[in-house]
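A quick write-up on the structure given underneath.
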Amino acid sequence: MSVTGWDDTESYTLRGAGPQGSGDEVVRAGGSSLLTRVILMIVGCTLLVGLIAMGVSSVLVGRQQREALTHRATLVGTLQASAMGQAVWEFDTRAVEAMIRGLLAEDPAVRSVKVWAASGGRGGHGEPLVALERPAGRAELTTVEKQIVMSGGNGERTMVGLLRMTYSLEEAESATMTALAPMAGLVFFSLLAVIGMISILLNRLVLAPLARLTRSAGAIAAGDYRVRLRNTRADEIGQLTVAFNHMAETVHDYTERLEQRVAERTEELRQSNEQLAVVNRQVMDSIQYASLLQSAILPDEREMARHLDGVCVLWRPRDVVGGDFHIFRELEDGRFLIGVADCSGHGVPGAFMTMTVSAILDHVLSEIPDSDPATILGGLNRMVRAALARGRDNPRFDNGLDIGLCLVRPDKGDLLFAGGRIGLHIVDSAAGNSPNAGTAGGTVGEVKGDAQSLGYRRSDSGHRFTTHRVELAPGRSFYLTTDGFLDQAGGTRGFGFGNRRFTAMLLEHDAIPMTERRTAFAQALAEHQGERAQRDDITLVGFTVSPAAAPAATPVLAAASAPDASSSHPVHP
């Protein structure tokens, strides 16, 4: 067993091994910078410790040097004060100055010396007897004050002056740096030795085995799933080697059977896709045929055009089939019914509802062919509720419709309108003769339908819908639309198309022929919708019709049965 552990993790390859990784890949896998990072961390930590040690040593040594220099300054001051006593007593300025100059020449640490005579005061107050100084420099200064005394014959000591001496500590700083230089060199070389030893041991004990593991992992990543590592160690590296070998064995076992499993799953997916394609084709064929059936119950626009001065129909289900449809039924005396209906649901369920409602509407018209729209809606409401009664036990089953229906009577010069949550929009162009056409751009009015849907569980089976009478005036056009047009999200904020934008659209395109308005309306809706998906089925029917004879001037909108426009009494034509 190797002491370093390097030989304990030699890799080997089983017979029949897969392709070896390329040399560049192995180099990239094993060329880790972990050793460099570890060395940098060790260097950083040791340098930090060395700097802290040097800083502490600098503080301690500097303090000692300053204390020694301060002690020397005190001693020099004491000696100078003793030597100057006689000269100060005699006010011998030359002698005192000579002593001070000699002190400045002998001791470069002295920056200034001031001497006061006792008669001049003490403590540095008043004009000094002698004062000599030289530039202080940037070093820290310390001041020493000593009394100048004389001893008499009887042993008495008399103060004759004061000596104040300023000492520079620059010499202490230089001595500190001189004392620390050998220590710094010793610390630096010690750190280098420690870093080198730790790096060598770390590389051989930890990083080299990890590099071998990394290269082996790179070989597995390159497709050689039979690489294994020999291991006789019981430490963390040995445990990591055991885990690596177990992983390599698992990967090798899995890859041997992977192609077979992939082939099996691919075949299963292919068969499932074929079956789904067949089912999808059958469903789409059925829906396409359902679209043909739904189109069959819709009125022919060419047939509508023979009875109207102008007509445009925009029918756009959200899916291939939908829950919206429009109505046109020819009656006696040149009269006809025209309207739109919005059944619950979309797609196939909505299409079934349109077929059911259309059949029920035909049955209602066969029983009451001469009734006004309010009576027709009342009968339709009751019969739809009755037809769907068997599903009422399921709380999720609740179906019905919104509808707007007009009975157009050219012989009387008017139309009767009744609606369940669908209104009738009336546009009077500026060139028309309507009393409401007072502005240059024309006007738009709306006859609102009743706030009552048909056929739902919550619908009132006894509700009496309101009939509204509207004159057929020259230049006047009528529009019925489901909520899919008004609620379509679009614009930058995703708001619905809305009544205001709808009104502006009707006015903007009122001057073009009715046959061209469908394209204009579709373009306005597309510009608003942008890239957003269609939310609901959309149906819009617009038409113009002239009276058979010019009627007398009457109000534009009125309730057909009484002066009160909200009357719910049905009116027979």
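Labels for the structure tokens follow display order: chains A, B, ..., residues from 1 in each chain, ligands from 1.
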List as a short mmCIF file (atom, residue, chain, number, x, y, z; two decimals) with N, CA, C and O atoms, in the first residue's frame the protein and nucleic acid residues near Leu405 (chain A), meaning an atom at most 9 Å away when only C-alpha atoms are counted, but skip any in the same chain fewer than 5 places from it.
data_model
loop_
_atom_site.label_atom_id
_atom_site.label_comp_id
_atom_site.auth_asym_id
_atom_site.auth_seq_id
_atom_site.Cartn_x
_atom_site.Cartn_y
_atom_site.Cartn_z
N ILE A 327 -80.73 33.73 -37.93
CA ILE A 327 -82.09 33.26 -38.27
C ILE A 327 -82.64 34.13 -39.40
O ILE A 327 -82.46 35.37 -39.39
N LEU A 337 -88.76 37.10 -40.52
CA LEU A 337 -88.04 37.15 -39.25
C LEU A 337 -86.54 37.13 -39.52
O LEU A 337 -86.08 36.36 -40.38
N ILE A 338 -85.80 37.92 -38.76
CA ILE A 338 -84.34 37.92 -38.86
C ILE A 338 -83.78 38.11 -37.45
O ILE A 338 -84.33 38.89 -36.65
N GLY A 339 -82.76 37.36 -37.13
CA GLY A 339 -82.21 37.46 -35.77
C GLY A 339 -80.93 36.67 -35.63
O GLY A 339 -80.44 36.03 -36.56
N VAL A 340 -80.37 36.73 -34.41
CA VAL A 340 -79.17 35.96 -34.05
C VAL A 340 -79.42 35.30 -32.71
O VAL A 340 -80.19 35.80 -31.88
N ALA A 341 -78.76 34.15 -32.49
CA ALA A 341 -78.89 33.41 -31.23
C ALA A 341 -77.50 32.95 -30.79
O ALA A 341 -76.67 32.57 -31.62
N PRO A 373 -92.41 38.98 -32.07
CA PRO A 373 -91.19 38.34 -31.55
C PRO A 373 -91.25 38.01 -30.07
O PRO A 373 -90.68 37.00 -29.63
N ALA A 374 -91.92 38.84 -29.26
CA ALA A 374 -91.99 38.56 -27.82
C ALA A 374 -92.70 37.25 -27.55
O ALA A 374 -92.28 36.45 -26.71
N ILE A 376 -92.96 34.74 -29.65
CA ILE A 376 -92.10 33.66 -30.15
C ILE A 376 -91.01 33.33 -29.12
O ILE A 376 -90.74 32.16 -28.84
N LEU A 377 -90.41 34.36 -28.52
CA LEU A 377 -89.37 34.11 -27.52
C LEU A 377 -89.95 33.44 -26.29
O LEU A 377 -89.30 32.58 -25.68
N LEU A 416 -90.68 44.91 -35.58
CA LEU A 416 -90.88 44.64 -34.16
C LEU A 416 -89.68 43.83 -33.66
O LEU A 416 -89.27 42.86 -34.31
N PHE A 417 -89.16 44.26 -32.53
CA PHE A 417 -87.96 43.60 -31.98
C PHE A 417 -88.21 43.16 -30.55
O PHE A 417 -88.83 43.87 -29.74
N ALA A 418 -87.72 41.96 -30.25
CA ALA A 418 -87.70 41.46 -28.86
C ALA A 418 -86.39 40.70 -28.68
O ALA A 418 -85.90 40.03 -29.61
N GLY A 419 -85.82 40.83 -27.52
CA GLY A 419 -84.53 40.19 -27.30
C GLY A 419 -84.37 39.67 -25.88
O GLY A 419 -84.97 40.19 -24.94
N GLY A 420 -83.57 38.63 -25.76
CA GLY A 420 -83.16 38.11 -24.46
C GLY A 420 -81.65 38.26 -24.34
O GLY A 420 -80.90 37.47 -24.91
N ILE A 422 -79.76 40.26 -25.86
CA ILE A 422 -79.18 40.72 -27.11
C ILE A 422 -79.99 41.92 -27.58
O ILE A 422 -81.23 41.86 -27.60
N LEU A 424 -80.65 45.46 -30.25
CA LEU A 424 -80.70 45.85 -31.67
C LEU A 424 -80.04 47.21 -31.81
O LEU A 424 -80.47 48.19 -31.19
N LEU A 480 -77.55 43.17 -35.43
CA LEU A 480 -77.69 42.23 -34.32
C LEU A 480 -76.37 41.50 -34.15
O LEU A 480 -75.81 41.00 -35.14
#
Residues within 12 Å of His463 (chain A), only C-alpha atoms, excluding chain neighbours under 6 positions, as a PyMOL selection string: chain A and resi 374-382+420+450-455+568-570
Using only C-alpha atoms, please write the residues we just selected to a file, as a compact mmCIF listing (two decimals), in the first residue's frame.
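Contents of the output file out-v4.txt:
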# COMPACT_ATOMS: atom_id res chain seq x y z
CA ALA A 374 -91.99 38.56 -27.82
CA THR A 375 -94.54 35.73 -28.08
CA ILE A 376 -92.10 33.66 -30.15
CA LEU A 377 -89.37 34.11 -27.52
CA GLY A 378 -91.75 33.16 -24.74
CA GLY A 379 -92.71 29.94 -26.50
CA LEU A 380 -89.09 29.21 -27.35
CA ASN A 381 -88.10 29.71 -23.70
CA ARG A 382 -90.69 27.24 -22.45
CA GLY A 420 -83.16 38.11 -24.46
CA ASP A 450 -84.72 41.96 -21.81
CA ALA A 451 -82.29 40.94 -19.07
CA GLN A 452 -83.58 37.38 -19.39
CA SER A 453 -81.93 34.38 -21.05
CA LEU A 454 -83.94 31.51 -22.48
CA GLY A 455 -84.00 27.83 -21.49
CA SER A 568 -94.01 43.45 -21.53
CA HIS A 569 -97.37 42.87 -23.22
CA PRO A 570 -97.08 41.08 -26.56
Test item: residues at most 12 Å from Phe336 (chain A), only C-alpha atoms, excluding those fewer than 3 positions along its chain, as a ChimeraX atom specification: /A:303-304,306-308,327-333,339,365,369-373,405-411,414-416,545,573
Who sits within 8 Å of Val447 (chain A), only C-alpha atoms, same chain under 5 positions skipped, as a ChimeraX atom specification: /A:423-426,468,557
DSSP on the backbone, strand (DSSP E or B) only: what residues of region 420-509 of chain A does that give? Format it as a compact mmCIF listing (two decimals) with C-alpha atoms, in the first residue's frame.
# COMPACT_ATOMS: atom_id res chain seq x y z
CA GLY A 420 -83.16 38.11 -24.46
CA ARG A 421 -79.82 39.69 -23.49
CA LEU A 424 -80.70 45.85 -31.67
CA HIS A 425 -78.29 48.55 -32.87
CA ILE A 426 -79.79 51.19 -35.20
CA VAL A 427 -77.61 53.44 -37.34
CA ASP A 428 -79.05 56.58 -38.94
CA THR A 443 -76.10 58.53 -34.92
CA VAL A 444 -76.27 55.08 -33.35
CA GLY A 445 -79.04 53.97 -31.03
CA GLU A 446 -79.62 50.68 -29.26
CA VAL A 447 -82.81 48.91 -28.32
CA ASP A 450 -84.72 41.96 -21.81
CA LEU A 454 -83.94 31.51 -22.48
CA HIS A 468 -90.24 47.26 -29.42
CA ARG A 469 -91.43 48.94 -32.62
CA VAL A 470 -88.92 50.71 -34.89
CA GLU A 471 -89.65 52.65 -38.09
CA ARG A 476 -81.31 53.49 -41.55
CA SER A 477 -79.46 50.19 -40.96
CA PHE A 478 -79.91 47.56 -38.26
CA TYR A 479 -77.38 45.29 -36.55
CA LEU A 480 -77.69 42.23 -34.32
CA THR A 481 -74.59 40.75 -32.71
CA ALA A 489 -59.99 40.61 -26.04
CA GLY A 490 -57.37 42.65 -27.83
CA PHE A 495 -59.62 44.62 -23.04
CA GLY A 496 -62.78 43.60 -24.88
Non-local contacts of Thr492 (chain A) (12 Å; only C-alpha atoms; under 3 positions in same chain excluded) as an NGL selection string: :A and (489 or 495-497 or 527-532)
